[in-house]
Structures are given as structure tokens and as C-alpha cells.
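Novice: Structure file data23.tsv (TSV, C-alpha atoms) right here:
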```
chain	number	residue	atom	x	y	z
H	1	MET	CA	264.40	-40.93	14.62
H	2	ASN	CA	265.22	-37.37	15.27
H	3	GLU	CA	262.44	-36.40	12.88
H	4	SER	CA	259.75	-38.14	14.89
H	5	ARG	CA	260.88	-36.27	18.00
H	6	VAL	CA	260.57	-32.98	16.16
H	7	GLU	CA	257.09	-33.91	14.99
H	8	ILE	CA	255.63	-34.31	18.45
H	9	GLU	CA	257.40	-31.27	19.86
H	10	SER	CA	254.93	-28.56	20.83
H	11	VAL	CA	255.49	-25.03	19.60
H	12	GLU	CA	256.32	-23.99	23.16
H	13	GLU	CA	259.05	-26.64	23.23
H	14	GLN	CA	260.27	-25.58	19.80
H	15	ILE	CA	260.62	-22.01	21.01
H	16	ARG	CA	262.45	-23.15	24.09
H	17	ARG	CA	264.82	-25.04	21.79
H	18	TYR	CA	265.19	-22.00	19.54
H	19	HIS	CA	266.03	-19.73	22.46
H	20	ARG	CA	268.68	-22.24	23.52
H	21	THR	CA	270.19	-22.92	20.11
H	22	GLN	CA	269.44	-19.65	18.25
H	23	ASP	CA	268.83	-21.84	15.21
H	24	ARG	CA	267.45	-19.41	12.64
H	25	ALA	CA	266.08	-22.14	10.41
H	26	LEU	CA	264.00	-23.38	13.33
H	27	ARG	CA	262.81	-19.85	14.07
H	28	ASN	CA	261.81	-19.32	10.45
H	29	GLN	CA	259.96	-22.61	10.51
H	30	ILE	CA	257.98	-21.59	13.60
H	31	VAL	CA	257.13	-18.26	11.98
H	32	GLU	CA	256.08	-20.02	8.80
H	33	ASP	CA	253.93	-22.47	10.79
H	34	HIS	CA	252.11	-19.49	12.30
H	35	ARG	CA	251.73	-17.47	9.15
H	36	TRP	CA	248.01	-18.30	9.25
H	37	LEU	CA	247.78	-16.31	12.47
H	38	ALA	CA	249.29	-13.29	10.70
H	39	VAL	CA	246.86	-13.65	7.80
H	40	VAL	CA	243.84	-14.01	10.08
H	41	SER	CA	244.82	-10.99	12.20
H	42	ALA	CA	245.57	-8.89	9.11
H	43	ARG	CA	242.14	-9.73	7.65
H	44	GLN	CA	240.41	-8.93	10.91
H	45	LEU	CA	242.10	-5.58	11.28
H	46	ALA	CA	241.98	-4.65	7.57
H	47	ARG	CA	240.44	-1.26	6.89
H	48	GLY	CA	240.00	-1.29	3.18
H	49	SER	CA	242.52	1.31	2.14
H	50	GLU	CA	245.59	-0.75	3.01
H	51	PRO	CA	246.61	-3.60	0.70
H	52	LEU	CA	246.19	-6.88	2.58
H	53	ASP	CA	249.66	-8.08	1.55
H	54	ASP	CA	251.25	-5.14	3.34
H	55	LEU	CA	249.27	-5.87	6.47
H	56	VAL	CA	250.24	-9.54	6.36
H	57	GLN	CA	253.89	-8.47	6.14
H	58	VAL	CA	253.45	-6.32	9.24
H	59	ALA	CA	251.65	-9.16	11.01
H	60	VAL	CA	254.39	-11.67	10.15
H	61	ILE	CA	256.89	-9.34	11.81
H	62	GLY	CA	254.61	-9.53	14.85
H	63	VAL	CA	254.83	-13.34	14.78
H	64	LEU	CA	258.60	-13.10	14.54
H	65	LYS	CA	258.75	-10.75	17.53
H	66	ALA	CA	256.45	-13.08	19.44
H	67	VAL	CA	258.81	-16.01	18.81
H	68	GLU	CA	261.73	-13.93	20.07
H	69	ARG	CA	259.96	-12.70	23.17
H	70	PHE	CA	257.80	-15.62	24.18
H	71	ASP	CA	258.63	-17.13	27.54
H	72	PRO	CA	257.31	-20.71	27.74
H	73	ASP	CA	257.59	-20.62	31.53
H	74	TYR	CA	254.79	-18.09	31.91
H	75	GLY	CA	252.15	-20.70	31.31
H	76	VAL	CA	250.36	-18.91	28.48
H	77	ALA	CA	249.93	-20.65	25.11
H	78	PHE	CA	252.16	-19.28	22.36
H	79	ARG	CA	249.11	-18.72	20.19
H	80	THR	CA	247.58	-16.39	22.79
H	81	PHE	CA	250.79	-14.48	23.23
H	82	ALA	CA	251.46	-14.30	19.49
H	83	SER	CA	248.02	-13.02	18.59
H	84	SER	CA	248.27	-10.14	21.05
H	85	THR	CA	251.77	-9.31	19.78
H	86	VAL	CA	250.57	-9.44	16.16
H	87	ARG	CA	247.56	-7.25	16.93
H	88	GLY	CA	249.87	-4.82	18.68
H	89	GLU	CA	252.12	-4.73	15.65
H	90	LEU	CA	249.20	-4.04	13.32
H	91	ARG	CA	247.76	-1.40	15.58
H	92	ARG	CA	251.10	0.32	15.75
H	93	TYR	CA	251.28	0.30	11.98
H	94	TYR	CA	247.88	1.98	11.80
H	95	ARG	CA	248.40	4.39	14.59
H	96	ASP	CA	251.83	5.76	13.90
H	97	ALA	CA	250.13	8.74	12.29
H	98	GLY	CA	247.55	9.06	15.07
H	99	TRP	CA	249.65	10.70	17.72
H	100	SER	CA	248.88	14.34	18.31
H	101	MET	CA	252.31	15.06	19.66
H	102	ARG	CA	255.69	13.54	18.92
H	103	VAL	CA	256.35	10.84	21.42
H	104	PRO	CA	259.71	9.09	21.44
H	105	ARG	CA	259.62	5.92	19.41
H	106	ARG	CA	260.65	3.76	22.32
H	107	LEU	CA	257.63	4.91	24.32
H	108	LYS	CA	255.30	4.15	21.44
H	109	ASP	CA	256.75	0.66	21.13
H	110	LEU	CA	256.41	0.17	24.82
H	111	ARG	CA	252.75	1.07	24.79
H	112	TYR	CA	251.93	-1.98	22.73
H	113	GLU	CA	254.23	-4.22	24.66
H	114	ILE	CA	252.48	-3.08	27.81
H	115	ALA	CA	249.09	-3.87	26.31
H	116	ALA	CA	250.28	-7.37	25.39
H	117	ALA	CA	251.87	-7.81	28.81
H	118	VAL	CA	248.66	-6.80	30.55
H	119	ASP	CA	246.77	-9.48	28.59
H	120	VAL	CA	249.32	-12.17	29.35
H	121	LEU	CA	249.65	-11.29	33.04
H	122	HIS	CA	245.92	-10.98	33.47
H	123	GLU	CA	245.47	-14.49	32.21
H	124	ARG	CA	248.27	-15.74	34.40
H	125	LEU	CA	247.31	-13.98	37.62
H	126	ASP	CA	243.58	-14.06	37.04
H	127	ARG	CA	243.40	-10.39	38.02
H	128	SER	CA	244.62	-7.04	36.80
H	129	PRO	CA	248.44	-6.80	37.17
H	130	THR	CA	250.12	-3.94	39.01
H	131	ILE	CA	252.64	-1.55	37.48
H	132	ALA	CA	255.39	-3.32	39.42
H	133	GLU	CA	254.35	-6.68	38.00
H	134	ILE	CA	254.26	-5.36	34.43
H	135	ALA	CA	257.64	-3.68	34.89
H	136	ASP	CA	259.06	-6.93	36.17
H	137	TYR	CA	257.61	-8.90	33.27
H	138	LEU	CA	258.95	-6.48	30.64
H	139	HIS	CA	262.28	-6.06	32.44
H	140	LEU	CA	261.74	-2.34	32.78
H	141	ALA	CA	262.24	0.14	35.58
H	142	THR	CA	258.91	1.23	37.08
H	143	ASP	CA	259.85	4.83	36.23
H	144	GLU	CA	260.14	4.00	32.57
H	145	LEU	CA	256.76	2.34	32.61
H	146	GLN	CA	255.22	5.36	34.32
H	147	ASP	CA	256.70	7.69	31.70
H	148	CYS	CA	255.06	5.57	29.06
H	149	ILE	CA	251.73	5.68	30.84
H	150	ALA	CA	251.96	9.47	31.05
H	151	ALA	CA	252.85	9.72	27.35
H	152	SER	CA	249.96	7.52	26.36
H	153	SER	CA	247.56	10.24	27.46
H	154	ASN	CA	248.65	12.22	24.41
H	155	TYR	CA	246.44	10.26	22.08
H	156	ARG	CA	244.21	12.45	19.98
H	157	THR	CA	240.56	12.05	20.86
H	158	LEU	CA	238.07	11.28	18.13
H	159	PRO	CA	235.90	13.97	16.57
H	160	LEU	CA	232.34	14.23	17.82
H	161	ASP	CA	230.67	12.69	14.80
H	162	THR	CA	232.87	9.63	14.65
H	163	THR	CA	230.68	6.58	14.78
H	164	VAL	CA	233.42	3.98	14.69
H	165	ASP	CA	235.99	4.16	17.44
H	166	GLY	CA	238.96	3.99	15.17
H	167	GLU	CA	239.93	0.41	15.72
H	168	PRO	CA	238.34	-2.54	14.01
H	169	THR	CA	237.88	-5.58	16.18
H	170	ARG	CA	237.78	-9.30	15.83
H	171	SER	CA	234.14	-9.87	15.21
H	172	ARG	CA	231.76	-7.11	14.34
H	173	ASP	CA	228.82	-9.48	14.04
H	174	ARG	CA	229.33	-10.85	17.48
H	175	GLU	CA	229.55	-7.37	18.89
H	176	ALA	CA	226.47	-6.15	17.09
H	177	GLY	CA	224.56	-9.03	18.66
H	178	TRP	CA	225.68	-7.93	22.08
H	179	GLU	CA	224.78	-4.35	21.49
H	180	ASP	CA	221.21	-5.25	20.63
H	181	THR	CA	220.76	-7.48	23.64
H	182	VAL	CA	222.28	-5.13	26.16
H	183	VAL	CA	220.60	-1.97	24.99
H	184	ASP	CA	217.18	-3.60	24.57
H	185	THR	CA	217.13	-4.99	28.07
H	186	MET	CA	218.08	-1.70	29.69
H	187	ASP	CA	215.56	0.22	31.68
H	188	ASP	CA	214.91	3.31	29.60
H	189	ARG	CA	214.08	5.35	32.66
H	190	HIS	CA	217.60	5.03	33.93
H	191	GLU	CA	219.00	8.53	33.80
H	192	LEU	CA	222.41	7.39	32.65
H	193	VAL	CA	220.98	5.41	29.77
H	194	ARG	CA	219.05	8.48	28.64
H	195	MET	CA	222.23	10.52	28.65
H	196	LEU	CA	223.98	7.95	26.50
H	197	THR	CA	221.50	8.05	23.64
H	198	GLY	CA	223.66	10.44	21.63
H	199	LEU	CA	226.59	8.05	21.60
H	200	PRO	CA	227.44	5.60	18.86
H	201	GLU	CA	225.98	2.17	19.64
H	202	ARG	CA	229.24	0.54	20.53
H	203	LEU	CA	230.39	3.21	22.98
H	204	ARG	CA	226.96	3.21	24.59
H	205	THR	CA	227.12	-0.53	25.10
H	206	ILE	CA	230.48	-0.30	26.80
H	207	MET	CA	229.31	2.55	29.02
H	208	VAL	CA	226.21	0.57	30.03
H	209	LEU	CA	228.24	-2.54	30.78
H	210	ARG	CA	230.69	-0.55	32.89
H	211	PHE	CA	228.46	1.85	34.79
H	212	VAL	CA	225.05	0.22	34.84
H	213	GLU	CA	225.90	-3.47	34.80
H	214	GLU	CA	229.02	-2.60	36.81
H	215	MET	CA	231.21	-5.06	34.94
H	216	ASN	CA	234.91	-4.28	35.23
H	217	GLN	CA	237.03	-3.50	32.19
H	218	SER	CA	238.43	-6.97	31.75
H	219	GLU	CA	235.00	-8.56	31.99
H	220	ILE	CA	233.79	-6.22	29.26
H	221	ALA	CA	236.89	-7.02	27.24
H	222	ALA	CA	236.16	-10.74	27.50
H	223	VAL	CA	232.51	-10.32	26.58
H	224	ILE	CA	233.11	-8.11	23.54
H	225	GLY	CA	236.32	-9.75	22.40
H	226	ILE	CA	238.75	-6.82	22.61
H	227	SER	CA	241.59	-6.02	25.02
H	228	GLN	CA	241.11	-4.35	28.40
H	229	VAL	CA	243.35	-1.51	27.24
H	230	HIS	CA	241.01	-0.99	24.30
H	231	VAL	CA	237.97	-0.98	26.60
H	232	SER	CA	239.66	1.71	28.66
H	233	ARG	CA	240.31	3.78	25.57
H	234	LEU	CA	236.72	3.40	24.36
H	235	LEU	CA	235.42	4.52	27.76
H	236	ARG	CA	237.56	7.61	27.48
H	237	THR	CA	236.29	8.31	23.99
H	238	ALA	CA	232.71	7.94	25.22
H	239	LEU	CA	233.26	10.30	28.15
H	240	THR	CA	234.93	12.87	25.91
H	241	GLN	CA	232.03	12.74	23.47
H	242	LEU	CA	229.47	13.07	26.25
H	243	ARG	CA	231.24	16.13	27.59
H	244	ALA	CA	231.38	17.69	24.16
H	245	GLN	CA	227.65	17.09	23.76
H	246	ALA	CA	226.95	18.63	27.17
H	247	GLU	CA	229.01	21.69	26.25
H	248	LEU	CA	227.10	22.11	22.99
H	249	ARG	CA	223.85	22.08	24.93
H	250	MET	CA	225.20	24.73	27.29
H	251	VAL	CA	226.13	27.20	24.55
H	252	PRO	CA	222.91	29.35	24.52
H	253	SER	CA	223.21	30.18	28.23
J	1	MET	CA	245.85	23.27	38.36
J	2	PRO	CA	245.05	26.38	36.32
J	3	ALA	CA	241.41	26.63	35.24
J	4	ASP	CA	242.31	25.53	31.74
J	5	ALA	CA	241.24	22.24	30.14
J	6	ARG	CA	244.70	21.75	28.66
J	7	PHE	CA	246.01	21.00	32.14
J	8	VAL	CA	243.61	18.14	32.79
J	9	ARG	CA	246.10	15.84	31.13
J	10	VAL	CA	248.72	16.84	33.69
J	11	ALA	CA	246.32	16.25	36.57
J	12	ARG	CA	245.37	12.78	35.45
J	13	ALA	CA	248.97	11.79	34.68
J	14	ALA	CA	249.99	12.96	38.17
J	15	ALA	CA	247.16	11.03	39.81
J	16	VAL	CA	248.01	7.86	37.90
J	17	ALA	CA	251.72	8.26	38.68
J	18	CYS	CA	250.98	8.61	42.40
J	19	ALA	CA	248.59	5.68	42.42
J	20	SER	CA	250.96	3.44	40.49
J	21	LEU	CA	253.50	3.70	43.31
J	22	ASP	CA	250.93	1.92	45.43
J	23	ASP	CA	249.71	-1.62	45.02
J	24	ILE	CA	246.99	-0.83	42.50
J	25	GLY	CA	246.08	-2.91	39.44
J	26	VAL	CA	246.36	-1.34	35.99
J	27	GLU	CA	242.65	-1.62	35.52
J	28	ASP	CA	241.99	0.48	38.60
J	29	LEU	CA	244.63	2.91	37.35
J	30	ALA	CA	242.73	3.19	34.08
J	31	ASP	CA	239.57	3.85	36.07
J	32	LEU	CA	241.31	6.48	38.17
J	33	ARG	CA	242.47	8.24	35.02
J	34	LEU	CA	238.90	8.38	33.70
J	35	LEU	CA	237.57	9.58	37.02
J	36	VAL	CA	240.12	12.38	37.52
J	37	ASP	CA	239.53	13.44	33.94
J	38	GLU	CA	235.79	13.63	34.46
J	39	ALA	CA	236.04	15.33	37.86
J	40	CYS	CA	238.46	17.99	36.55
J	41	HIS	CA	236.16	18.77	33.64
J	42	ALA	CA	233.19	18.95	35.99
J	43	LEU	CA	234.97	21.44	38.25
J	44	LEU	CA	236.07	23.45	35.22
J	45	ALA	CA	232.42	23.58	34.17
J	46	ILE	CA	230.99	24.70	37.50
J	47	GLY	CA	234.01	26.34	39.12
J	48	SER	CA	235.39	29.78	38.49
J	49	GLY	CA	239.07	29.41	39.25
J	50	ASP	CA	242.10	27.20	39.76
J	51	ILE	CA	241.55	23.64	40.90
J	52	THR	CA	243.46	22.32	43.88
J	53	ILE	CA	244.19	18.62	43.66
J	54	ARG	CA	245.47	16.63	46.60
J	55	MET	CA	246.44	13.01	46.71
J	56	ALA	CA	247.06	11.11	49.91
J	57	SER	CA	247.48	7.54	51.00
J	58	ALA	CA	244.27	6.22	52.56
J	59	ASP	CA	243.16	2.96	54.13
J	60	SER	CA	241.66	1.52	50.98
J	61	GLY	CA	244.11	3.00	48.46
J	62	LEU	CA	244.68	6.51	47.16
J	63	ALA	CA	242.49	9.40	48.30
J	64	VAL	CA	242.02	12.08	45.67
J	65	SER	CA	240.48	15.42	46.48
J	66	LEU	CA	239.68	18.22	44.03
J	67	ARG	CA	238.53	21.69	45.05
J	68	ALA	CA	237.65	24.83	43.12
J	69	PRO	CA	235.80	28.10	43.82
J	70	SER	CA	232.12	27.32	43.23
J	71	GLY	CA	231.44	30.50	41.27
J	72	GLY	CA	228.19	31.10	43.16
J	73	ALA	CA	226.75	27.63	42.58
J	74	ALA	CA	225.05	26.41	45.75
J	75	ARG	CA	225.24	22.73	44.79
J	76	TRP	CA	226.24	20.33	42.04
J	77	ASP	CA	223.55	20.05	39.41
J	78	ASP	CA	222.36	16.46	39.84
J	79	ARG	CA	221.32	15.88	36.27
J	80	ARG	CA	224.41	17.35	34.78
J	81	PHE	CA	226.81	15.51	37.03
J	82	ASP	CA	224.92	12.25	37.29
J	83	LEU	CA	227.56	10.53	35.21
J	84	LEU	CA	230.42	11.64	37.47
J	85	ARG	CA	228.43	10.49	40.50
J	86	THR	CA	227.75	7.11	38.91
J	87	MET	CA	231.37	6.66	37.84
J	88	ALA	CA	232.61	7.44	41.34
J	89	ALA	CA	230.11	5.03	42.88
J	90	VAL	CA	231.10	2.19	40.55
J	91	MET	CA	234.85	2.78	40.58
J	92	CYS	CA	235.65	3.83	44.14
J	93	GLU	CA	235.61	2.51	47.62
J	94	ARG	CA	234.12	5.80	48.77
J	95	ALA	CA	233.29	9.03	46.97
J	96	ASP	CA	231.42	12.21	47.66
J	97	MET	CA	230.91	15.62	46.13
J	98	GLY	CA	229.38	18.86	47.29
J	99	VAL	CA	229.65	22.60	47.78
J	100	SER	CA	230.88	24.03	51.10
J	101	GLY	CA	230.72	27.81	51.39
J	102	ALA	CA	232.30	29.11	48.19
J	103	THR	CA	234.13	25.85	47.38
J	104	ALA	CA	232.97	23.03	45.14
J	105	TRP	CA	234.65	19.75	45.97
J	106	PHE	CA	234.95	16.15	44.87
J	107	GLU	CA	236.58	13.41	46.94
J	108	ALA	CA	237.20	9.77	46.15
J	109	GLU	CA	239.17	6.83	47.50
J	110	THR	CA	240.42	4.17	45.13
J	111	ARG	CA	240.62	0.49	45.96
J	112	ARG	CA	243.96	-1.10	46.60
J	113	LEU	CA	244.50	-4.53	45.12
J	114	ASP	CA	243.69	-7.42	47.41
J	115	HIS	CA	245.87	-10.34	46.65
```
Kindly transcribe the structure held in the file into C-alpha cells.
Specialist:
Amino acid sequence: MNESRVEIESVEEQIRRYHRTQDRALRNQIVEDHRWLAVVSARQLARGSEPLDDLVQVAVIGVLKAVERFDPDYGVAFRTFASSTVRGELRRYYRDAGWSMRVPRRLKDLRYEIAAAVDVLHERLDRSPTIAEIADYLHLATDELQDCIAASSNYRTLPLDTTVDGEPTRSRDREAGWEDTVVDTMDDRHELVRMLTGLPERLRTIMVLRFVEEMNQSEIAAVIGISQVHVSRLLRTALTQLRAQAELRMVPS
Amino acid sequence: MPADARFVRVARAAAVACASLDDIGVEDLADLRLLVDEACHALLAIGSGDITIRMASADSGLAVSLRAPSGGAARWDDRRFDLLRTMAAVMCERADMGVSGATAWFEAETRRLDH
């Protein structure tokens, strides 16, 4: 009798029950039920040099964290929330070595929580959330959030000849398709498009979508299948590369 | 801001911190960060001295103004700064740039969130 009730319980309800009862067996069951999500994310973000098993381990920790943090009342499906948490966990694993300056651990953790929170709130509010709204969601003081935002500008920028932006995404094939379409349909005479020719294909596409098509960051994120935070970072990489190219051209004078 | 690219980070963090006190969405904050970054680098490229950055509350959102000695340049080179101009046009409620006397300047107003 009890069993049939458990069978029809949605994962959101299960999590609600777990938060109430703190039943670890139930939590482990939910994590196990979503192990596929960890495996899928680990495969998508795999870079070759890391053993897949290690990545899956990291991703499973992400699922676990998602179960702990998920709030069923926010109206977002657990799967959505969990996949952004898992991706955040994997990215953190990759990026721990990528900081050019020591940033307190807590701030680094926060960065990924913020990225996940932005995704969740964006879906919920149907617009970009404010700092106050993110702070409220993460139960943080606005000051703390601002410190984190300031620290996040310490990311190392990519070298000039980097053709991949440093973060694999969900579907390269889908993106490649977009790149072809967008770049082919652009008016070559457009000055901006001419300037962008030195950029890697992917960065160029994002620049065109943002500054020629005038799509906002979250629209680009939805079209390409990456997060808004990632779009923002790619735009910065593109601008940095363009400046470096301009400076190289200036050298003789 | 000293005429040194290492300080651009400070300028953009300050701009974002000021703007985040206002009712501005994170996406517009991300845009503002890119814009201040680009504008600072542009003034470092054409200017010949420290950059003065002012931020003030405006009707539409935050008004950001950057000024630097023009170093003899009579105007902004259109081709070279086309990207900055385009970015400002796409991202801001209002933006303008020019050279007045011996000062090169860039001004922009961000959009406040409309609920």
C-alpha cells in the first residue's frame, strides 16, 4: 500500500519528503535514480585527458548537492535545477586550476551557485534577476554577492591563438550548425562583421548575435544551448582577443 | 584611474558594484562590465593620461562617464572604435563619445529593469 504511494510520488515530492524526514536512504535513492544525469553531463563535458569515471564521481556529488539544495516551491523541475548544479560542479572541477590569483574558496563556490541561481531565477521570473533577487534566493547578503562578482573578474583570459573557448558545451554539432547559418547570412559589408573575421568561429557567432542581431545574452544562451553566464564570458573573451589583434596591428606605428 | 591597463579591472568592478545597488538585472550588469572594460581600453589607447570615471544615478539607470586627455587626437577614429560605438548603441539607453578641447570622453546610460 505504502509502496504504491511511493511509486507515483514525483521526484519533487520525494525531495520535499527527504527535506522533512532527513531519511538518508531516500536521499541516496533519489541520487541513484538521477545517476544517468551525472553520466550524461560528465560525457558532455569530458575533455579527453580526464578519466570519465572521475568525472562521473564529481557529477554525482553535484546531484547530491542538488538534492540537498533543491526547493520544490520555486516551480522549476528538479531535473533542470540538478543539471545546472551538476554542470557547475564539473566546471569547478576543471577550473580550480584556472584562476590567475588565489580567490577564497567560498567565493569560488559561490560563483557557480550564482550561475545556477541565475538560470533558475531567469526561468522563474522570465527575465534577468537582480543582485537583490539572487542574494535573496541564495540567502546571502548583497555585499557578499558583490564581493563574489568583483572576484570573478580575476579569471585569466585565454591566449590569442586559442580556438576553443575553454569550456565544452552540450552539443557541438548543434552549435556548428548555427555558426554556419548565422555567419553565411550576414552582410559581409557590415564593418563589425569584417572586424570579427580574425576570431574563432564560435566567438564570432556570439558577437554577431549580440551586436548585429541585437539578441540579449539569455536569448543567445537559449539558442546555442549554454548558460547566460557563459555567453557573458565568451563575449569578454572575444572582446579581449579583438583588442589584442588591434594592438598587434598598431605595433609598427 | 591611472593610465595603466591593470587598473581596468578595478574600474569595471566599481561600475558593476555601483550599478548592482540599483534595480538592474544581472544580464545588464554583465553588459555594463563589458562596456566599461572596452571604453577604458579605448581611452587608454587614444588618451595620454589618467582616466576619470564618474558614475551617477540617471533617469534610465546608471550614468557612466569616462574622460582622459586626448593626447592631441581631434576625434575618435571611427573605424578603430566602431565596436565600442556598436556595443554602446546595443547595450545602453543612451551613449555618446567625442573629443572636447583636449579631453576625450565617453558617456553612457544603462537601462534600469522594468518590472
Novice: Using only C-alpha atoms, pick whichever of H:Ile224, H:Ala77, H:Leu235, H:Val212 has the shortest atom-to-atom distance to Leu199 in chain H.
Specialist: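 Comparing H:Ile224, H:Ala77, H:Leu235, H:Val212 against Leu199 in chain H, the winner is H:Leu235.
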Novice: Identify, on the basis of only C-alpha atoms, every residue whose closest approach to range 5-16 of chain J does not exceed 9 Å; exclude the query and any residue fewer than 2 positions from it along the same chain; express the result as a CSV table (one decimal) with C-alpha atoms, in the coordinates of the input.
Specialist:
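That gives us selection19.csv:
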```
chain,number,residue,atom,x,y,z
H,146,GLN,CA,255.2,5.4,34.3
H,149,ILE,CA,251.7,5.7,30.8
H,150,ALA,CA,252.0,9.5,31.0
H,151,ALA,CA,252.8,9.7,27.4
H,153,SER,CA,247.6,10.2,27.5
H,154,ASN,CA,248.6,12.2,24.4
J,1,MET,CA,245.8,23.3,38.4
J,2,PRO,CA,245.0,26.4,36.3
J,3,ALA,CA,241.4,26.6,35.2
J,18,CYS,CA,251.0,8.6,42.4
J,19,ALA,CA,248.6,5.7,42.4
J,20,SER,CA,251.0,3.4,40.5
J,21,LEU,CA,253.5,3.7,43.3
J,29,LEU,CA,244.6,2.9,37.4
J,30,ALA,CA,242.7,3.2,34.1
J,32,LEU,CA,241.3,6.5,38.2
J,33,ARG,CA,242.5,8.2,35.0
J,34,LEU,CA,238.9,8.4,33.7
J,35,LEU,CA,237.6,9.6,37.0
J,36,VAL,CA,240.1,12.4,37.5
J,37,ASP,CA,239.5,13.4,33.9
J,40,CYS,CA,238.5,18.0,36.6
J,41,HIS,CA,236.2,18.8,33.6
J,44,LEU,CA,236.1,23.4,35.2
J,53,ILE,CA,244.2,18.6,43.7
J,54,ARG,CA,245.5,16.6,46.6
J,55,MET,CA,246.4,13.0,46.7
J,62,LEU,CA,244.7,6.5,47.2
J,64,VAL,CA,242.0,12.1,45.7
```
Novice: Hey, what's within 10 Å of Ala88 in chain J if we count all atoms listed in the file and toss same-chain stuff fewer than 4 positions away? As a list in words, please?
Specialist: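 Residues meeting the cut-off are Phe211 of chain H; Asp31, Leu32, Leu34, Leu35, Val36, Glu38, Ala39, Asp82, Leu83, Leu84, Cys92, Glu93, Arg94, Ala95, Asp96, Met97, Phe106, Glu107, Ala108, Glu109 and Thr110 of chain J.
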Novice: I need the contact residues of chain J against chain H, so if you could list those with any atom within 6 Å, counting only C-alpha atoms, and return them as an mmCIF file with C-alpha atoms, in the frame of the given file, that would help.
Specialist:
```cif
data_model
loop_
_atom_site.group_PDB
_atom_site.id
_atom_site.type_symbol
_atom_site.label_atom_id
_atom_site.label_comp_id
_atom_site.auth_asym_id
_atom_site.auth_seq_id
_atom_site.Cartn_x
_atom_site.Cartn_y
_atom_site.Cartn_z
ATOM 1 C CA ALA J 13 248.970 11.790 34.680
ATOM 2 C CA ILE J 24 246.990 -0.830 42.500
ATOM 3 C CA GLY J 25 246.080 -2.910 39.440
ATOM 4 C CA VAL J 26 246.360 -1.340 35.990
ATOM 5 C CA GLU J 27 242.650 -1.620 35.520
#
```
Novice: Kindly give the distance, in Å, that separates CA of Ile8 in chain H and CA of Val40 in chain H, rounded to a single decimal.
Specialist: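 Distance between the two atoms: 24.9 Å.
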Novice: In Å, how far is it from CA of Asp23 in chain H to CA of Asp73 in chain H?
Specialist: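 Separation of CA of Asp23 in chain H and CA of Asp73 in chain H: 19.9 Å.
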Novice: Go ahead and compute the interatomic distance for CA of Ala42 in chain H and CA of Ile30 in chain H, in Å to one decimal.
Specialist: 18.3 Å
Novice: Ranking H:Thr21, H:Ala38, H:Arg194, H:Ile61 by minimum distance to Arg79 in chain J and counting only C-alpha atoms, which one comes first?
Specialist: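 Counting only C-alpha atoms, the residue closest to Arg79 in chain J is H:Arg194.
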Novice: Looking at J:Asp22, J:Gly98, J:Leu43, J:Trp105, which one is nearest to Ala56 in chain J, with distances taken over all atoms listed in the file?
Specialist: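 For Ala56 in chain J, the nearest of the candidates is J:Asp22.
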Novice: Can you work out which one of H:Arg16, H:Arg124, H:His230, H:Arg204 has the shortest atom-to-atom distance to Arg69 in chain H, counting only C-alpha atoms?
Specialist: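 Of the candidates, the smallest distance to Arg69 in chain H is held by H:Arg16.
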Novice: Using the file's own x, y and z axes, what box holds all listed atoms of range 195-210 of chain H with 8 Å on each side, keeping edges along x, y and z, and what are its centre and edge lengths in Å to one decimal, as lines of an AutoDock Vina configuration file?
Specialist:
```
center_x = 226.1
center_y = 4.0
center_z = 25.9
size_x = 25.2
size_y = 29.1
size_z = 30.0
```
Novice: Select, counting all atoms listed in the file, all protein, DNA and RNA residues no farther than 10 Å from (252.5, -11.3, 31.2) in file coordinates, and express the selection as a ChimeraX atom specification.
Specialist: /H:70-71,74-76,81,113-125,129,133-138
Novice: Just the residues within 12 Å of Ser100 in chain J, please, counting all atoms listed in the file, with nothing from its chain fewer than 4 positions along; format it as a ChimeraX atom specification.
Specialist: /J:67-76,104-106
Novice: Give me the residues within 12 Å of Val67 in chain H as an MDAnalysis selection string, counting all atoms listed in the file and dropping any in the same chain fewer than 2 places off.
Specialist: chainID H and resid 11:19 22 24 26:34 60:65 69:72 77:83 85:86
Novice: For a quick check of understanding, using all atoms listed in the file, which of J:Asp77, J:Met91, J:Arg85, J:Ala102 has the smallest distance to Ala45 in chain J?
Specialist: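 Closest candidate: J:Asp77.
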Novice: Output range 28-39 of chain J with N, CA and C atoms present, as a compact mmCIF listing (two decimals), keeping the file's coordinate frame.
Specialist:
```txt
# COMPACT_ATOMS: atom_id res chain seq x y z
N ASP J 28 242.43 -0.57 37.69
CA ASP J 28 241.99 0.48 38.60
C ASP J 28 242.70 1.80 38.28
N LEU J 29 243.93 1.70 37.78
CA LEU J 29 244.63 2.91 37.35
C LEU J 29 243.90 3.55 36.18
N ALA J 30 243.47 2.69 35.25
CA ALA J 30 242.73 3.19 34.08
C ALA J 30 241.44 3.86 34.53
N ASP J 31 240.79 3.26 35.52
CA ASP J 31 239.57 3.85 36.07
C ASP J 31 239.86 5.21 36.71
N LEU J 32 240.95 5.25 37.48
CA LEU J 32 241.31 6.48 38.17
C LEU J 32 241.54 7.61 37.15
N ARG J 33 242.20 7.25 36.06
CA ARG J 33 242.47 8.24 35.02
C ARG J 33 241.16 8.82 34.46
N LEU J 34 240.20 7.93 34.23
CA LEU J 34 238.90 8.38 33.70
C LEU J 34 238.19 9.27 34.72
N LEU J 35 238.29 8.86 35.97
CA LEU J 35 237.57 9.58 37.02
C LEU J 35 238.15 10.98 37.24
N VAL J 36 239.48 11.07 37.31
CA VAL J 36 240.12 12.38 37.52
C VAL J 36 239.81 13.29 36.33
N ASP J 37 239.85 12.71 35.15
CA ASP J 37 239.53 13.44 33.94
C ASP J 37 238.13 14.06 34.03
N GLU J 38 237.18 13.20 34.39
CA GLU J 38 235.79 13.63 34.46
C GLU J 38 235.59 14.67 35.56
N ALA J 39 236.21 14.41 36.73
CA ALA J 39 236.04 15.33 37.86
C ALA J 39 236.66 16.70 37.56
```
